[in-house]
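Shown next: start.pdb, containing PDB, C-alpha atoms.
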ATOM      1  CA  MET A   1     -38.154 -40.758  25.240  1.00  0.00           C
ATOM      2  CA  ILE A   2     -36.144 -39.953  28.372  1.00  0.00           C
ATOM      3  CA  ASP A   3     -36.623 -43.497  29.629  1.00  0.00           C
ATOM      4  CA  SER A   4     -35.306 -44.926  26.385  1.00  0.00           C
ATOM      5  CA  LEU A   5     -32.207 -42.683  26.621  1.00  0.00           C
ATOM      6  CA  LYS A   6     -31.746 -43.727  30.240  1.00  0.00           C
ATOM      7  CA  TYR A   7     -31.853 -47.435  29.301  1.00  0.00           C
ATOM      8  CA  TRP A   8     -29.546 -46.818  26.360  1.00  0.00           C
ATOM      9  CA  TRP A   9     -27.030 -45.055  28.645  1.00  0.00           C
ATOM     10  CA  GLN A  10     -27.186 -47.857  31.204  1.00  0.00           C
ATOM     11  CA  ASP A  11     -26.521 -50.435  28.469  1.00  0.00           C
ATOM     12  CA  ARG A  12     -23.169 -48.735  27.726  1.00  0.00           C
ATOM     13  CA  SER A  13     -20.040 -50.002  29.444  1.00  0.00           C
ATOM     14  CA  GLN A  14     -18.145 -47.770  31.865  1.00  0.00           C
ATOM     15  CA  ARG A  15     -15.497 -47.084  29.205  1.00  0.00           C
ATOM     16  CA  GLU A  16     -18.142 -46.074  26.626  1.00  0.00           C
ATOM     17  CA  ARG A  17     -19.807 -43.756  29.136  1.00  0.00           C
ATOM     18  CA  ARG A  18     -16.492 -42.008  29.811  1.00  0.00           C
ATOM     19  CA  LEU A  19     -15.790 -41.619  26.106  1.00  0.00           C
ATOM     20  CA  LEU A  20     -19.294 -40.287  25.490  1.00  0.00           C
ATOM     21  CA  GLY A  21     -18.908 -37.910  28.446  1.00  0.00           C
ATOM     22  CA  VAL A  22     -15.630 -36.591  27.060  1.00  0.00           C
ATOM     23  CA  LEU A  23     -17.241 -36.262  23.609  1.00  0.00           C
ATOM     24  CA  ILE A  24     -20.170 -34.304  25.068  1.00  0.00           C
ATOM     25  CA  ALA A  25     -17.803 -32.052  27.066  1.00  0.00           C
ATOM     26  CA  ILE A  26     -15.633 -31.332  24.015  1.00  0.00           C
ATOM     27  CA  SER A  27     -18.716 -30.720  21.886  1.00  0.00           C
ATOM     28  CA  GLY A  28     -19.998 -28.303  24.529  1.00  0.00           C
ATOM     29  CA  LEU A  29     -16.698 -26.425  24.553  1.00  0.00           C
ATOM     30  CA  VAL A  30     -16.663 -26.212  20.757  1.00  0.00           C
ATOM     31  CA  LEU A  31     -20.244 -24.937  20.695  1.00  0.00           C
ATOM     32  CA  PHE A  32     -19.441 -22.424  23.455  1.00  0.00           C
ATOM     33  CA  TRP A  33     -16.464 -21.202  21.446  1.00  0.00           C
ATOM     34  CA  LEU A  34     -18.380 -20.971  18.178  1.00  0.00           C
ATOM     35  CA  LEU A  35     -21.633 -19.549  19.534  1.00  0.00           C
ATOM     36  CA  ILE A  36     -20.408 -17.274  22.351  1.00  0.00           C
ATOM     37  CA  VAL A  37     -16.694 -16.436  22.198  1.00  0.00           C
ATOM     38  CA  GLN A  38     -16.224 -15.969  18.441  1.00  0.00           C
ATOM     39  CA  PRO A  39     -19.192 -13.585  18.084  1.00  0.00           C
ATOM     40  CA  LEU A  40     -17.883 -11.538  21.030  1.00  0.00           C
ATOM     41  CA  PHE A  41     -14.473 -11.271  19.360  1.00  0.00           C
ATOM     42  CA  ALA A  42     -16.167 -10.237  16.114  1.00  0.00           C
ATOM     43  CA  VAL A  43     -18.149  -7.526  17.928  1.00  0.00           C
ATOM     44  CA  ARG A  44     -14.979  -6.247  19.627  1.00  0.00           C
ATOM     45  CA  ASP A  45     -13.073  -6.152  16.329  1.00  0.00           C
ATOM     46  CA  ALA A  46     -15.939  -4.344  14.607  1.00  0.00           C
ATOM     47  CA  SER A  47     -16.095  -1.770  17.397  1.00  0.00           C
ATOM     48  CA  GLU A  48     -12.321  -1.209  17.155  1.00  0.00           C
ATOM     49  CA  ARG A  49     -12.669  -0.637  13.409  1.00  0.00           C
ATOM     50  CA  ARG A  50     -15.551   1.803  13.969  1.00  0.00           C
ATOM     51  CA  TYR A  51     -13.537   3.628  16.647  1.00  0.00           C
ATOM     52  CA  THR A  52     -10.503   3.923  14.360  1.00  0.00           C
ATOM     53  CA  GLN A  53     -12.688   5.171  11.526  1.00  0.00           C
ATOM     54  CA  SER A  54     -14.280   7.693  13.893  1.00  0.00           C
ATOM     55  CA  LEU A  55     -10.849   9.016  14.840  1.00  0.00           C
ATOM     56  CA  LEU A  56      -9.928   9.361  11.173  1.00  0.00           C
ATOM     57  CA  ASP A  57     -13.231  11.113  10.457  1.00  0.00           C
ATOM     58  CA  LEU A  58     -12.647  13.475  13.395  1.00  0.00           C
ATOM     59  CA  ARG A  59      -9.157  14.287  12.131  1.00  0.00           C
ATOM     60  CA  ASP A  60     -10.549  14.971   8.652  1.00  0.00           C
ATOM     61  CA  ALA A  61     -13.325  17.149  10.084  1.00  0.00           C
ATOM     62  CA  ARG A  62     -10.822  19.162  12.109  1.00  0.00           C
ATOM     63  CA  ALA A  63      -8.625  19.577   9.040  1.00  0.00           C
ATOM     64  CA  SER A  64     -11.643  20.706   7.019  1.00  0.00           C
ATOM     65  CA  ALA A  65     -12.613  23.164   9.726  1.00  0.00           C
ATOM     66  CA  ALA A  66      -9.084  24.524   9.749  1.00  0.00           C
ATOM     67  CA  ALA A  67      -9.190  24.830   5.956  1.00  0.00           C
ATOM     68  CA  ILE A  68     -12.469  26.732   6.097  1.00  0.00           C
ATOM     69  CA  THR A  69     -11.089  29.011   8.787  1.00  0.00           C
ATOM     70  CA  ALA A  70      -7.909  29.603   6.787  1.00  0.00           C
ATOM     71  CA  ALA A  71      -9.941  30.300   3.647  1.00  0.00           C
ATOM     72  CA  THR A  72     -12.149  32.843   5.405  1.00  0.00           C
ATOM     73  CA  ALA A  73      -9.168  34.711   6.865  1.00  0.00           C
ATOM     74  CA  PRO A  74      -6.625  34.967   4.028  1.00  0.00           C
ATOM     75  CA  ASN A  75      -4.681  37.864   5.589  1.00  0.00           C
ATOM     76  CA  GLN A  76      -3.690  35.965   8.724  1.00  0.00           C
ATOM     77  CA  SER A  77      -0.114  36.071   9.888  1.00  0.00           C
ATOM     78  CA  VAL A  78       1.947  32.898   9.956  1.00  0.00           C
ATOM     79  CA  ALA A  79       1.600  32.772  13.750  1.00  0.00           C
ATOM     80  CA  GLU A  80      -2.202  33.062  13.575  1.00  0.00           C
ATOM     81  CA  THR A  81      -2.419  30.409  10.858  1.00  0.00           C
ATOM     82  CA  VAL A  82      -0.158  27.957  12.704  1.00  0.00           C
ATOM     83  CA  ASN A  83      -1.853  28.556  16.061  1.00  0.00           C
ATOM     84  CA  ARG A  84      -5.353  28.189  14.632  1.00  0.00           C
ATOM     85  CA  SER A  85      -4.443  25.005  12.747  1.00  0.00           C
ATOM     86  CA  ALA A  86      -2.700  23.495  15.778  1.00  0.00           C
ATOM     87  CA  GLU A  87      -5.691  24.301  17.983  1.00  0.00           C
ATOM     88  CA  ALA A  88      -8.058  22.689  15.487  1.00  0.00           C
ATOM     89  CA  THR A  89      -5.871  19.568  15.388  1.00  0.00           C
ATOM     90  CA  GLY A  90      -5.476  19.402  19.170  1.00  0.00           C
ATOM     91  CA  ILE A  91      -1.742  20.144  19.221  1.00  0.00           C
ATOM     92  CA  THR A  92      -0.382  22.178  22.134  1.00  0.00           C
ATOM     93  CA  PHE A  93       2.903  24.064  22.070  1.00  0.00           C
ATOM     94  CA  ALA A  94       5.360  24.131  24.956  1.00  0.00           C
ATOM     95  CA  SER A  95       6.497  27.482  23.581  1.00  0.00           C
ATOM     96  CA  ALA A  96       5.897  29.689  20.562  1.00  0.00           C
ATOM     97  CA  ALA A  97       7.974  32.727  19.676  1.00  0.00           C
ATOM     98  CA  PRO A  98       7.552  35.041  16.677  1.00  0.00           C
ATOM     99  CA  ASP A  99      10.622  35.553  14.488  1.00  0.00           C
ATOM    100  CA  SER A 100      11.846  38.947  13.320  1.00  0.00           C
ATOM    101  CA  ASP A 101      10.774  38.165   9.726  1.00  0.00           C
ATOM    102  CA  GLY A 102       7.168  37.474  10.748  1.00  0.00           C
ATOM    103  CA  GLY A 103       7.678  33.728  11.039  1.00  0.00           C
ATOM    104  CA  LEU A 104       7.125  31.538  14.058  1.00  0.00           C
ATOM    105  CA  SER A 105       9.336  29.151  16.059  1.00  0.00           C
ATOM    106  CA  ILE A 106       7.506  26.556  18.147  1.00  0.00           C
ATOM    107  CA  THR A 107       8.420  23.780  20.541  1.00  0.00           C
ATOM    108  CA  ILE A 108       6.278  20.707  21.097  1.00  0.00           C
ATOM    109  CA  GLU A 109       7.295  18.512  24.034  1.00  0.00           C
ATOM    110  CA  SER A 110       5.356  15.353  23.180  1.00  0.00           C
ATOM    111  CA  ILE A 111       3.530  14.386  20.002  1.00  0.00           C
ATOM    112  CA  ARG A 112       3.029  11.214  17.996  1.00  0.00           C
ATOM    113  CA  THR A 113       4.918  11.266  14.714  1.00  0.00           C
ATOM    114  CA  ILE A 114       1.842  10.525  12.600  1.00  0.00           C
ATOM    115  CA  VAL A 115      -0.075  13.394  14.194  1.00  0.00           C
ATOM    116  CA  LEU A 116       2.784  15.834  13.551  1.00  0.00           C
ATOM    117  CA  PHE A 117       3.184  14.917   9.898  1.00  0.00           C
ATOM    118  CA  ASP A 118      -0.584  14.864   9.323  1.00  0.00           C
ATOM    119  CA  TRP A 119      -0.642  18.385  10.734  1.00  0.00           C
ATOM    120  CA  PHE A 120       2.178  19.421   8.376  1.00  0.00           C
ATOM    121  CA  ALA A 121       0.209  17.992   5.445  1.00  0.00           C
ATOM    122  CA  ALA A 122      -2.914  19.901   6.530  1.00  0.00           C
ATOM    123  CA  LEU A 123      -0.942  23.150   6.892  1.00  0.00           C
ATOM    124  CA  ASP A 124       0.558  22.698   3.440  1.00  0.00           C
ATOM    125  CA  ARG A 125      -2.791  21.797   1.884  1.00  0.00           C
ATOM    126  CA  ASP A 126      -4.856  24.470   3.609  1.00  0.00           C
ATOM    127  CA  ALA A 127      -2.475  27.427   3.892  1.00  0.00           C
ATOM    128  CA  GLY A 128       0.526  26.523   1.725  1.00  0.00           C
ATOM    129  CA  LEU A 129       2.674  26.667   4.850  1.00  0.00           C
ATOM    130  CA  ARG A 130       5.667  24.356   5.399  1.00  0.00           C
ATOM    131  CA  PRO A 131       8.309  24.309   8.116  1.00  0.00           C
ATOM    132  CA  TYR A 132      11.723  25.455   6.926  1.00  0.00           C
ATOM    133  CA  ARG A 133      13.671  24.207   9.956  1.00  0.00           C
ATOM    134  CA  MET A 134      12.902  21.283  12.231  1.00  0.00           C
ATOM    135  CA  SER A 135      14.637  19.305  14.945  1.00  0.00           C
ATOM    136  CA  LEU A 136      13.069  16.088  16.249  1.00  0.00           C
ATOM    137  CA  GLN A 137      14.049  14.088  19.327  1.00  0.00           C
ATOM    138  CA  ARG A 138      12.688  10.682  20.322  1.00  0.00           C
ATOM    139  CA  ASN A 139      11.086  10.576  23.791  1.00  0.00           C
ATOM    140  CA  ALA A 140      11.125   7.579  26.140  1.00  0.00           C
ATOM    141  CA  ASP A 141       7.536   6.747  25.194  1.00  0.00           C
ATOM    142  CA  ALA A 142       6.237   6.413  21.624  1.00  0.00           C
ATOM    143  CA  THR A 143       6.329  10.171  21.020  1.00  0.00           C
ATOM    144  CA  ILE A 144       8.786  12.789  19.828  1.00  0.00           C
ATOM    145  CA  SER A 145       9.645  16.341  20.860  1.00  0.00           C
ATOM    146  CA  ALA A 146      10.033  18.918  18.126  1.00  0.00           C
ATOM    147  CA  GLN A 147      11.435  22.377  17.541  1.00  0.00           C
ATOM    148  CA  ILE A 148       9.943  23.780  14.343  1.00  0.00           C
ATOM    149  CA  ALA A 149      10.314  27.092  12.512  1.00  0.00           C
ATOM    150  CA  PHE A 150       7.938  28.478   9.909  1.00  0.00           C
ATOM    151  CA  ALA A 151       8.921  31.198   7.434  1.00  0.00           C
ATOM    152  CA  GLY A 152       7.362  34.640   7.564  1.00  0.00           C
ATOM    153  CA  THR A 153       4.951  34.407   4.628  1.00  0.00           C
ATOM    154  CA  SER A 154       1.798  32.307   4.395  1.00  0.00           C
ATOM    155  CA  GLY A 155      -0.450  31.256   1.553  1.00  0.00           C
TER     156      GLY A 155
END
Go ahead and express the file in the form of structure tokens.
Amino acid sequence: MIDSLKYWWQDRSQRERRLLGVLIAISGLVLFWLLIVQPLFAVRDASERRYTQSLLDLRDARASAAAITAATAPNQSVAETVNRSAEATGITFASAAPDSDGGLSITIESIRTIVLFDWFAALDRDAGLRPYRMSLQRNADATISAQIAFAGTSG
């Protein structure tokens, strides 16, 4: 079999050999792309989707944990509720000061907008707490800084 291929190859002209060589090289590149590179891209994309879903699941689990905590401690002050919810979400305050009416004023130096508003939604859903005053400033990176005030009654 190999001898017959060898004779067949030698019967081809120099031009035909070059064309067949180019054809074989291109076919090899196409097969490499289809059999090696594309599956690797598919695996990477699938892992990115799983990672994103894991982050969403973690956020939901933290929100659920905060809801359970808020439900088991209905007599918490606004400051306790906000602090506990922020801790469960992974938000850190640059400063937090209680107001004279029992409310809370906080400052966050750097937070992604989606994280902040997801936290607001969780606070509203879990404790019926909404900010009554807010000032947002865009940072140089893709984050914002925020000064937020919560009223003195929760739930």
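Reported to one decimal place, the separation of atom CA of A:Thr107 from atom CA of A:Gln147 is 4.5 Å.
Residues within 9 Å of A:Ser145, counting only C-alpha atoms and excluding same-chain residues fewer than 5 positions away, are Thr107, Ile108, Glu109, Ser110, Ile111, Arg112, Ser135, Leu136, Gln137, Arg138 and Asn139 of chain A.
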Quick one: write out the picked residues with C-alpha atoms as a tab-separated table (two decimals), in the coordinates of the input?
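That gives us out_16.tsv:
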chain	number	residue	atom	x	y	z
A	107	THR	CA	8.42	23.78	20.54
A	108	ILE	CA	6.28	20.71	21.10
A	109	GLU	CA	7.30	18.51	24.03
A	110	SER	CA	5.36	15.35	23.18
A	111	ILE	CA	3.53	14.39	20.00
A	112	ARG	CA	3.03	11.21	18.00
A	135	SER	CA	14.64	19.30	14.94
A	136	LEU	CA	13.07	16.09	16.25
A	137	GLN	CA	14.05	14.09	19.33
A	138	ARG	CA	12.69	10.68	20.32
A	139	ASN	CA	11.09	10.58	23.79
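Shown here are all protein and nucleic acid residues lying within 10 Å of (6.7, 26.3, 16.3), with all atoms listed in the file considered: Ala79, Val82, Asn83, Ala86, Phe93, Ala94, Ser95, Ala96, Ala97, Pro98, Gly103, Leu104, Ser105, Ile106, Thr107, Ile108, Pro131, Arg133, Met134, Ala146, Gln147, Ile148, Ala149 and Phe150 of chain A.
Between atom CA of A:Asp126 and atom CA of A:Thr52 the interatomic distance comes to 23.9 Å.
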Reference answer for the PyMOL selection byres ((chain A and resi 59) around 10), as a ChimeraX atom specification: /A:53-58,60-65,88-90,115,118-119
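One finds atom CA of A:Leu116 at 12.9 Å from atom CA of A:Ala142.
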